[in-house]
>>> print(open('my_file_19.pdb').read())   # PDB, C-alpha atoms (C1' of nucleotides)
MODEL        1
ATOM      1  CA  MET A   1      10.844   3.440 -24.564
ATOM      2  CA  VAL A   2       9.171   3.938 -21.214
ATOM      3  CA  ARG A   3      10.539   7.469 -21.094
ATOM      4  CA  ARG A   4       8.623   8.201 -24.306
ATOM      5  CA  ILE A   5       5.243   7.502 -22.714
ATOM      6  CA  PRO A   6       3.532  10.902 -22.334
ATOM      7  CA  ARG A   7       2.171  12.091 -19.014
ATOM      8  CA  GLY A   8      -1.417  10.982 -18.538
ATOM      9  CA  LYS A   9      -0.915   7.953 -20.779
ATOM     10  CA  VAL A  10      -0.123   4.331 -20.061
ATOM     11  CA  ALA A  11       1.445   1.535 -22.089
ATOM     12  CA  THR A  12       1.475  -2.218 -21.571
ATOM     13  CA  TYR A  13       4.577  -4.354 -21.007
ATOM     14  CA  GLY A  14       4.049  -6.093 -24.307
ATOM     15  CA  GLN A  15       3.613  -2.798 -26.114
ATOM     16  CA  VAL A  16       6.843  -1.407 -24.707
ATOM     17  CA  ALA A  17       8.625  -4.594 -25.716
ATOM     18  CA  ARG A  18       7.340  -4.467 -29.277
ATOM     19  CA  LEU A  19       8.153  -0.788 -29.646
ATOM     20  CA  ALA A  20      11.649  -1.658 -28.470
ATOM     21  CA  GLY A  21      11.853  -4.266 -31.190
ATOM     22  CA  VAL A  22      11.394  -7.324 -28.991
ATOM     23  CA  ALA A  23       8.404  -9.388 -30.083
ATOM     24  CA  ASN A  24       7.861 -11.529 -27.001
ATOM     25  CA  GLY A  25       9.663  -9.495 -24.406
ATOM     26  CA  ALA A  26       6.897  -8.464 -22.059
ATOM     27  CA  ARG A  27       8.406 -10.298 -19.102
ATOM     28  CA  GLN A  28      11.812  -8.850 -19.789
ATOM     29  CA  VAL A  29      10.312  -5.363 -19.662
ATOM     30  CA  GLY A  30       8.922  -6.207 -16.262
ATOM     31  CA  TYR A  31      12.284  -7.533 -15.195
ATOM     32  CA  ALA A  32      14.016  -4.384 -16.388
ATOM     33  CA  LEU A  33      11.607  -2.082 -14.568
ATOM     34  CA  HIS A  34      11.957  -4.183 -11.445
ATOM     35  CA  ALA A  35      15.676  -3.456 -11.497
ATOM     36  CA  LEU A  36      15.204   0.333 -11.415
ATOM     37  CA  ARG A  37      16.655   2.232  -8.473
ATOM     38  CA  GLU A  38      14.420   4.296  -6.219
ATOM     39  CA  GLY A  39      15.344   7.757  -7.490
ATOM     40  CA  THR A  40      14.933   6.832 -11.161
ATOM     41  CA  THR A  41      13.626   9.355 -13.669
ATOM     42  CA  VAL A  42      12.051   6.577 -15.714
ATOM     43  CA  PRO A  43       8.232   6.828 -15.502
ATOM     44  CA  TRP A  44       7.856   3.133 -14.679
ATOM     45  CA  PHE A  45       4.371   3.695 -13.253
ATOM     46  CA  ARG A  46       3.004   4.366 -16.764
ATOM     47  CA  VAL A  47       3.433   0.695 -17.605
ATOM     48  CA  LEU A  48       0.523  -1.627 -16.844
ATOM     49  CA  ASN A  49      -0.302  -5.168 -17.890
ATOM     50  CA  ALA A  50      -2.545  -5.977 -20.850
ATOM     51  CA  GLN A  51      -5.603  -5.922 -18.589
ATOM     52  CA  GLY A  52      -4.976  -2.304 -17.646
ATOM     53  CA  ALA A  53      -4.092  -3.288 -14.092
ATOM     54  CA  SER A  54      -0.966  -2.872 -12.018
ATOM     55  CA  SER A  55       1.194  -5.972 -11.854
ATOM     56  CA  LEU A  56       2.863  -4.872  -8.637
ATOM     57  CA  ARG A  57       2.211  -6.410  -5.249
ATOM     58  CA  ASP A  58       2.623  -5.795  -1.569
ATOM     59  CA  GLY A  59       0.925  -2.418  -1.724
ATOM     60  CA  HIS A  60       3.233  -1.033  -4.384
ATOM     61  CA  ASP A  61       0.287  -1.093  -6.758
ATOM     62  CA  VAL A  62      -1.283   1.658  -4.655
ATOM     63  CA  THR A  63       1.765   3.858  -5.157
ATOM     64  CA  GLN A  64       1.555   3.279  -8.870
ATOM     65  CA  ARG A  65      -2.122   4.162  -8.908
ATOM     66  CA  LEU A  66      -1.475   7.353  -6.971
ATOM     67  CA  LEU A  67       1.256   8.474  -9.352
ATOM     68  CA  LEU A  68      -1.012   7.842 -12.329
ATOM     69  CA  GLU A  69      -4.045   9.544 -10.825
ATOM     70  CA  ARG A  70      -1.767  12.477 -10.040
ATOM     71  CA  GLU A  71      -1.397  13.005 -13.791
ATOM     72  CA  GLY A  72      -5.030  12.522 -14.621
ATOM     73  CA  VAL A  73      -5.359   8.803 -15.316
ATOM     74  CA  ARG A  74      -8.757   7.595 -14.110
ATOM     75  CA  PHE A  75      -9.178   4.141 -12.597
ATOM     76  CA  ARG A  76     -12.441   2.246 -12.889
ATOM     77  CA  ALA A  77     -14.253   0.814  -9.915
ATOM     78  CA  ASP A  78     -12.626  -2.542 -10.599
ATOM     79  CA  GLY A  79      -9.233  -0.957 -10.101
ATOM     80  CA  ARG A  80      -8.268  -1.102 -13.732
ATOM     81  CA  VAL A  81      -7.517   1.568 -16.318
ATOM     82  CA  SER A  82      -9.342   1.746 -19.634
ATOM     83  CA  LEU A  83      -6.635   1.330 -22.246
ATOM     84  CA  ASP A  84      -9.057   2.627 -24.867
ATOM     85  CA  LEU A  85      -9.149   5.850 -22.898
ATOM     86  CA  HIS A  86      -5.601   6.226 -21.543
ATOM     87  CA  GLY A  87      -3.607   3.816 -23.648
ATOM     88  CA  TRP A  88      -0.675   5.463 -25.393
ATOM     89  CA  ARG A  89      -0.916   5.361 -29.172
ATOM     90  CA  PRO A  90       2.476   6.284 -30.658
ATOM     91  CA  ARG A  91       0.899   6.532 -34.107
ATOM     92  CA  GLY A  92      -1.747   8.903 -32.823
ATOM     93  CA  ARG A  93      -4.470   6.490 -33.863
ATOM     94  CA  ALA A  94      -7.544   7.561 -31.944
ATOM     95  CA  THR A  95     -10.964   9.101 -31.951
ATOM     96  CA  PRO A  96     -11.199  12.870 -32.542
ATOM     97  CA  ARG A  97     -12.236  13.305 -28.943
ATOM     98  CA  ALA A  98      -9.270  11.344 -27.646
ATOM     99  CA  ALA A  99      -6.985  13.297 -29.929
ATOM    100  CA  SER A 100      -8.121  16.674 -28.637
ATOM    101  CA  ARG A 101      -7.943  15.460 -25.074
ATOM    102  CA  ARG A 102      -4.386  14.282 -25.652
ATOM    103  CA  ALA A 103      -3.462  17.572 -27.259
ATOM    104  CA  SER A 104      -4.511  19.530 -24.190
ATOM    105  CA  LYS A 105      -2.790  17.202 -21.758
ATOM    106  CA  ASP A 106       0.453  16.723 -23.626
ATOM    107  CA  CYS A 107       0.742  20.415 -23.947
ATOM    108  CA  GLY A 108       1.901  21.090 -20.459
ATOM    109  CA  ALA A 109      -0.923  20.361 -18.128
ATOM    110  CA  SER A 110       0.185  19.187 -14.768
TER
ATOM    111  C1'  DG B   1      24.491 -26.366 -16.865
ATOM    112  C1'  DC B   2      19.664 -27.111 -15.057
ATOM    113  C1'  DG B   3      15.442 -26.114 -13.328
ATOM    114  C1'  DG B   4      12.502 -22.779 -11.046
ATOM    115  C1'  DT B   5      10.758 -18.183 -11.284
ATOM    116  C1'  DG B   6       8.638 -13.826 -12.673
ATOM    117  C1'  DA B   7       6.285  -5.862 -12.467
ATOM    118  C1'  DC B   8       3.640 -10.811 -19.105
ATOM    119  C1'  DG B   9       0.489 -12.197 -22.794
ATOM    120  C1'  DG B  10      -2.268 -14.797 -26.359
ATOM    121  C1'  DT B  11      -5.545 -18.670 -26.491
ATOM    122  C1'  DC B  12      -9.140 -21.616 -24.926
ATOM    123  C1'  DG B  13     -12.854 -23.314 -22.368
TER
ATOM    124  C1'  DC C   1     -15.715 -11.702 -18.946
ATOM    125  C1'  DC C   2     -13.002 -14.601 -16.203
ATOM    126  C1'  DG C   3      -9.430 -18.554 -15.092
ATOM    127  C1'  DA C   4      -6.478 -21.935 -16.484
ATOM    128  C1'  DC C   5      -2.826 -23.163 -19.566
ATOM    129  C1'  DC C   6       1.009 -22.777 -21.962
ATOM    130  C1'  DG C   7       4.792 -20.083 -24.380
ATOM    131  C1'  DC C   8       8.402 -16.829 -23.595
ATOM    132  C1'  DC C   9      13.193 -15.505 -22.013
ATOM    133  C1'  DA C  10      16.649 -13.447 -18.741
ATOM    134  C1'  DC C  11      17.979 -14.296 -13.911
ATOM    135  C1'  DC C  12      19.391 -16.732 -10.027
ATOM    136  C1'  DG C  13      20.542 -20.522  -6.787
TER
ENDMDL
END
>>> encode(input="my_file_19.pdb", output="structure tokens")
Amino acid sequence: MVRRIPRGKVATYGQVARLAGVANGARQVGYALHALREGTTVPWFRVLNAQGASSLRDGHDVTQRLLLEREGVRFRADGRVSLDLHGWRPRGRATPRAASRRASKDCGAS
DNA sequence: GCGGTGACGGTCG
DNA sequence: CCGACCGCCACCG
């Protein structure tokens, strides 16, 4: 599921769990991502908690922020991401503006 | 097998 | 809008 998150978008642990068919599996998603090896191709950094913040510690949250900013995700002054703005919507439910923005980014920007 | 723990989250105050 | 409180469930000692 995490691999399906488009560049420039973020999903929450709970969202990934539900999309994977697990109703209350947010913590398990975190556990699974925690078990990833260093050279993984899974875009783990696109997963944030429900508050739009990184759940990592010991400075690893900075790495996550860097990777996200690298693909255009903007962090607010409080260090959190607006899910309204960057949250991934598999069903494409969004404002016209968000839709056009997504179209341009998903289409190969980098 | 048991209890503590966590890259979480919905509810309440 | 925050913090505190549970509920959740796979791991681990």
>>> resolve_selection(input="my_file_19.pdb", expression="the PyMOL selection byres ((chain C) within 12 of (chain A))", output="PyMOL selection string")
chain C and resi 1-2+7-11
>>> write_last_selection(input="my_file_19.pdb", atoms="C-alpha atoms (C1' of nucleotides)", output="tab-separated table (two decimals), keeping the file's coordinate frame")
chain	number	residue	atom	x	y	z
C	1	DC	C1'	-15.72	-11.70	-18.95
C	2	DC	C1'	-13.00	-14.60	-16.20
C	7	DG	C1'	4.79	-20.08	-24.38
C	8	DC	C1'	8.40	-16.83	-23.60
C	9	DC	C1'	13.19	-15.50	-22.01
C	10	DA	C1'	16.65	-13.45	-18.74
C	11	DC	C1'	17.98	-14.30	-13.91
>>> resolve_selection(input="my_file_19.pdb", expression="the PyMOL selection byres ((chain B) within 12 of (chain A))", output="ChimeraX atom specification")
/B:5-10
>>> resolve_selection(input="my_file_19.pdb", expression="the PyMOL selection byres ((chain C and resi 4) around 10)", output="list in words")
DC12 and DG13 of chain B; DC2, DG3, DC5 and DC6 of chain C
>>> atom_distance(input="my_file_19.pdb", atom1="atom CA of Arg3 of chain A", atom2="atom CA of Arg46 of chain A")
9.2 Å
>>> atom_distance(input="my_file_19.pdb", atom1="atom CA of Arg7 of chain A", atom2="atom CA of Glu71 of chain A")
6.4 Å
>>> atom_distance(input="my_file_19.pdb", atom1="atom CA of Arg18 of chain A", atom2="atom CA of Asp78 of chain A")
27.4 Å
>>> build_atoms(input="my_file_19.pdb", residues="segment 27-38 of chain A", atoms="all heavy atoms", output="mmCIF file, in the frame of the given file")
data_model
loop_
_atom_site.group_PDB
_atom_site.id
_atom_site.type_symbol
_atom_site.label_atom_id
_atom_site.label_comp_id
_atom_site.auth_asym_id
_atom_site.auth_seq_id
_atom_site.Cartn_x
_atom_site.Cartn_y
_atom_site.Cartn_z
ATOM 1 N N ARG A 27 7.860 -9.952 -20.423
ATOM 2 C CA ARG A 27 8.406 -10.298 -19.102
ATOM 3 C C ARG A 27 9.739 -9.623 -18.876
ATOM 4 O O ARG A 27 10.073 -9.247 -17.769
ATOM 5 C CB ARG A 27 8.565 -11.804 -18.973
ATOM 6 C CG ARG A 27 7.267 -12.535 -19.159
ATOM 7 C CD ARG A 27 7.395 -13.964 -18.715
ATOM 8 N NE ARG A 27 7.282 -14.042 -17.271
ATOM 9 C CZ ARG A 27 6.665 -15.028 -16.652
ATOM 10 N NH1 ARG A 27 6.149 -16.004 -17.326
ATOM 11 N NH2 ARG A 27 6.585 -15.023 -15.353
ATOM 12 N N GLN A 28 10.503 -9.485 -19.933
ATOM 13 C CA GLN A 28 11.812 -8.850 -19.789
ATOM 14 C C GLN A 28 11.639 -7.376 -19.449
ATOM 15 O O GLN A 28 12.425 -6.800 -18.698
ATOM 16 C CB GLN A 28 12.625 -9.005 -21.061
ATOM 17 C CG GLN A 28 13.197 -10.405 -21.270
ATOM 18 C CD GLN A 28 12.140 -11.449 -21.541
ATOM 19 O OE1 GLN A 28 11.519 -11.959 -20.620
ATOM 20 N NE2 GLN A 28 11.914 -11.766 -22.790
ATOM 21 N N VAL A 29 10.578 -6.757 -19.988
ATOM 22 C CA VAL A 29 10.312 -5.363 -19.662
ATOM 23 C C VAL A 29 10.030 -5.273 -18.165
ATOM 24 O O VAL A 29 10.540 -4.402 -17.466
ATOM 25 C CB VAL A 29 9.101 -4.825 -20.452
ATOM 26 C CG1 VAL A 29 8.698 -3.448 -19.944
ATOM 27 C CG2 VAL A 29 9.448 -4.748 -21.938
ATOM 28 N N GLY A 30 9.230 -6.192 -17.686
ATOM 29 C CA GLY A 30 8.922 -6.207 -16.262
ATOM 30 C C GLY A 30 10.183 -6.404 -15.444
ATOM 31 O O GLY A 30 10.385 -5.747 -14.430
ATOM 32 N N TYR A 31 11.035 -7.267 -15.918
ATOM 33 C CA TYR A 31 12.284 -7.533 -15.195
ATOM 34 C C TYR A 31 13.142 -6.281 -15.164
ATOM 35 O O TYR A 31 13.711 -5.914 -14.138
ATOM 36 C CB TYR A 31 13.055 -8.677 -15.856
ATOM 37 C CG TYR A 31 14.212 -9.109 -15.020
ATOM 38 C CD1 TYR A 31 14.042 -10.082 -14.045
ATOM 39 C CD2 TYR A 31 15.449 -8.497 -15.169
ATOM 40 C CE1 TYR A 31 15.099 -10.448 -13.233
ATOM 41 C CE2 TYR A 31 16.508 -8.849 -14.354
ATOM 42 C CZ TYR A 31 16.341 -9.825 -13.385
ATOM 43 O OH TYR A 31 17.380 -10.161 -12.581
ATOM 44 N N ALA A 32 13.198 -5.598 -16.288
ATOM 45 C CA ALA A 32 14.016 -4.384 -16.388
ATOM 46 C C ALA A 32 13.486 -3.302 -15.445
ATOM 47 O O ALA A 32 14.259 -2.662 -14.723
ATOM 48 C CB ALA A 32 14.018 -3.872 -17.820
ATOM 49 N N LEU A 33 12.185 -3.111 -15.430
ATOM 50 C CA LEU A 33 11.607 -2.082 -14.568
ATOM 51 C C LEU A 33 11.820 -2.444 -13.106
ATOM 52 O O LEU A 33 12.038 -1.589 -12.257
ATOM 53 C CB LEU A 33 10.112 -1.921 -14.865
ATOM 54 C CG LEU A 33 9.792 -1.376 -16.264
ATOM 55 C CD1 LEU A 33 8.299 -1.195 -16.411
ATOM 56 C CD2 LEU A 33 10.507 -0.056 -16.487
ATOM 57 N N HIS A 34 11.764 -3.721 -12.815
ATOM 58 C CA HIS A 34 11.957 -4.183 -11.445
ATOM 59 C C HIS A 34 13.345 -3.819 -10.939
ATOM 60 O O HIS A 34 13.564 -3.624 -9.755
ATOM 61 C CB HIS A 34 11.762 -5.699 -11.389
ATOM 62 C CG HIS A 34 11.765 -6.244 -10.009
ATOM 63 N ND1 HIS A 34 10.833 -5.864 -9.053
ATOM 64 C CD2 HIS A 34 12.592 -7.119 -9.392
ATOM 65 C CE1 HIS A 34 11.089 -6.507 -7.921
ATOM 66 N NE2 HIS A 34 12.156 -7.276 -8.098
ATOM 67 N N ALA A 35 14.282 -3.722 -11.873
ATOM 68 C CA ALA A 35 15.676 -3.456 -11.497
ATOM 69 C C ALA A 35 15.970 -1.967 -11.315
ATOM 70 O O ALA A 35 17.077 -1.602 -10.943
ATOM 71 C CB ALA A 35 16.601 -4.050 -12.557
ATOM 72 N N LEU A 36 14.986 -1.101 -11.542
ATOM 73 C CA LEU A 36 15.204 0.333 -11.415
ATOM 74 C C LEU A 36 15.493 0.730 -9.965
ATOM 75 O O LEU A 36 14.964 0.133 -9.039
ATOM 76 C CB LEU A 36 13.968 1.102 -11.906
ATOM 77 C CG LEU A 36 13.695 1.048 -13.418
ATOM 78 C CD1 LEU A 36 12.350 1.695 -13.700
ATOM 79 C CD2 LEU A 36 14.812 1.755 -14.166
ATOM 80 N N ARG A 37 16.341 1.727 -9.812
ATOM 81 C CA ARG A 37 16.655 2.232 -8.473
ATOM 82 C C ARG A 37 15.526 3.143 -8.019
ATOM 83 O O ARG A 37 14.732 3.614 -8.833
ATOM 84 C CB ARG A 37 17.968 3.032 -8.503
ATOM 85 C CG ARG A 37 19.150 2.232 -8.995
ATOM 86 C CD ARG A 37 19.494 1.154 -7.989
ATOM 87 N NE ARG A 37 20.745 0.458 -8.326
ATOM 88 C CZ ARG A 37 21.951 0.950 -8.084
ATOM 89 N NH1 ARG A 37 22.081 2.157 -7.567
ATOM 90 N NH2 ARG A 37 23.027 0.259 -8.370
ATOM 91 N N GLU A 38 15.506 3.483 -6.753
ATOM 92 C CA GLU A 38 14.420 4.296 -6.219
ATOM 93 C C GLU A 38 14.317 5.705 -6.802
ATOM 94 O O GLU A 38 13.238 6.189 -7.072
ATOM 95 C CB GLU A 38 14.537 4.399 -4.699
ATOM 96 C CG GLU A 38 13.540 5.385 -4.115
ATOM 97 C CD GLU A 38 12.879 4.838 -2.855
ATOM 98 O OE1 GLU A 38 13.231 3.730 -2.422
ATOM 99 O OE2 GLU A 38 12.021 5.519 -2.324
#
